[in-house]
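Take a look at the structure set out below.
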Amino acid sequence: MKTATLNTDTSTLSENGIQYPSKVMLDLHNLKKVYPTPKGDYVVLEDLNLQIMKEEFVTIIGHSGCGKTTMLSMIAGLNPISGGNIAVLGNPVKGPGPDRGVIFQAPSLMPWMTALENVMLGVNQVFPHASKKERKDIAKYYLHKVGLDGSFDKKAIALSQGMQQRVGIARAFAIKPKVLLLDEPFGMLDSLTRGELQDILIEIWNKEKITAVMITHDVDEAIFLADRVVMMTSGPSAKIGDILNIDFERPRTRKSVLEHNDYYKYRKHLIEFLEH
Ligand SMILES: Nc1ncnc2c1ncn2[C@@H]1O[C@H](COP(=O)(O)OP(=O)(O)OP(=O)(O)O)[C@@H](O)[C@H]1O
């Protein structure tokens, strides 16, 4: 019989009755992923161990093809686990769920639906017992937060890429997940829009403090957003190679980060890791 998850000050009781340290939101333990290929099994990830704390913002960097998306999609429950396990607050991930929101590089909205309708889709599923007005208010609140006040009723197909990604961000936050998973969400945007959306993302995150795990290829973005930057080794059998703590105070501004004495030290550390 399933028992409800119980949160206490010191620990969390998971579904299977295991007492869990309360600060750990996400636990990846000896994670393994094997893809079958015509030439035989390809081991993408092996012995990958990582704990991510509640309210933490972690960015993931690593060479192209090392397995970042594979890892994120396994956390999302969209990609089966070959070995080891993943737990959210001590509960094993068995598939997708509303406790994990995902923002992909392409927001994959329903093109014929309006911005509001797209956000409402998720909200309706996650809060079926709320009144229609309450659900609409949640969707509108997050669309407002991402700066889309004048565009609630515009069809997704009529929105620019940057605006579509704003809807994607609103949609992910609106379901109030415990963990937000972001796979290069700004990878396709120009640098100005990218900067704007980083600011929006971090502003909402500062307020809501959802645990966030974000893949990026941009070292500066990784530093600006994160409490820790996690570096993955190159595949096959990729694992966590190194972790860098980013000790800048929050809230941060891009200017204060760039002017900080440690900024270039952090940057050098990450670039040296990637160059090896
Ligand atoms: N369904 C699949 N079947 C077989 N191999 C796959 C599959 N999906 C991914 N791969 C391979 O697994 C490896 C890791 O892919 P993944 O997309 O996770 O890497 P990544 O680090 O996210 O790459 P990028 O930074 O380029 O997005 C790659 O070699 C890729 O070709």
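By order in the structure tokens, chains are A, B, ...; within a chain, residues start at 1; ligands start at 1, following the order shown.
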Discussion item. Which residues are near ligand 1 - at most 10 Å, using only C-alpha atoms and all ligand atoms? Format: as a ChimeraX atom specification.
Written reply: /A:33-38,41-45,60-74,79,105,183-184,215-217,232-238
Worksheet entry | 10 Å contact set for range 118-126 of chain A, only C-alpha atoms, chain neighbours under 4 positions out, as an NGL selection string | :A and (97-99 or 101 or 108-114 or 130-132 or 134-140 or 142-143 or 152 or 155-156 or 167-177)
Fill in: Straight-line distance linking CA of Leu78 in chain A with CA of Gly95 in chain A, stated in Å to one decimal
6.3 Å
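The set of residues in range 134-261 of chain A assigned to strand (DSSP E) by DSSP, using only backbone atoms of this structure, is Val179, Leu180, Leu181, Leu182, Asp183, Thr211, Ala212, Val213, Met214, Ile215, Arg228, Val229, Val230, Met231, Met232, Ile240, Gly241, Asp242, Ile243, Leu244 and Asn245 of chain A.
Closest approach to Gly195 in chain A from the set A:Ala115, A:Leu225, A:Leu180, A:Leu89 is made by A:Leu225, with distances taken over only C-alpha atoms.
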Worksheet item: Leaving out Met53 in chain A and any residue of its chain fewer than 5 positions from it, which residues lie within 9 Å of it when counting only C-alpha atoms, given as a ChimeraX atom specification?
Response: /A:22-27,211
Dump as an mmCIF file, in the first residue's frame, selection limited to C-alpha atoms:
data_model
loop_
_atom_site.group_PDB
_atom_site.id
_atom_site.type_symbol
_atom_site.label_atom_id
_atom_site.label_comp_id
_atom_site.auth_asym_id
_atom_site.auth_seq_id
_atom_site.Cartn_x
_atom_site.Cartn_y
_atom_site.Cartn_z
ATOM 1 C CA SER A 22 15.281 16.405 3.795
ATOM 2 C CA LYS A 23 17.594 18.597 1.773
ATOM 3 C CA VAL A 24 17.977 16.160 -1.123
ATOM 4 C CA MET A 25 15.403 16.757 -3.868
ATOM 5 C CA LEU A 26 16.906 14.637 -6.608
ATOM 6 C CA ASP A 27 19.121 11.602 -6.171
ATOM 7 C CA THR A 211 14.892 22.957 -7.819
#
Worksheet item: Could you pull out all residues of range 65-173 of chain A with a DSSP call of helix (DSSP H, G or I) and give them as a PyMOL selection string?
Response: chain A and resi 68-75+115-126+132-145+149-151+156-158+161-173
Discussion item. Here is a test: counting only C-alpha atoms, which residue of A:Lys39, A:Arg194, A:Arg100, A:Lys32 is nearest to Leu182 in chain A?
Written reply: A:Arg100
Worksheet item: Which one is closest to Leu50 in chain A: A:Leu201, A:Ile240, A:Val179, A:Leu159? Count only C-alpha atoms.
Response: A:Ile240
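Considering the residues A:Pro185, A:Met231, A:Ser191, A:Glu203 and counting only C-alpha atoms, Leu48 in chain A has its shortest atom-to-atom contact with A:Met231.
Each of A:Ile75, A:Thr59, A:His260, A:Val230 was compared to Asn91 in chain A using only C-alpha atoms, and A:Ile75 turns out to be the nearest.
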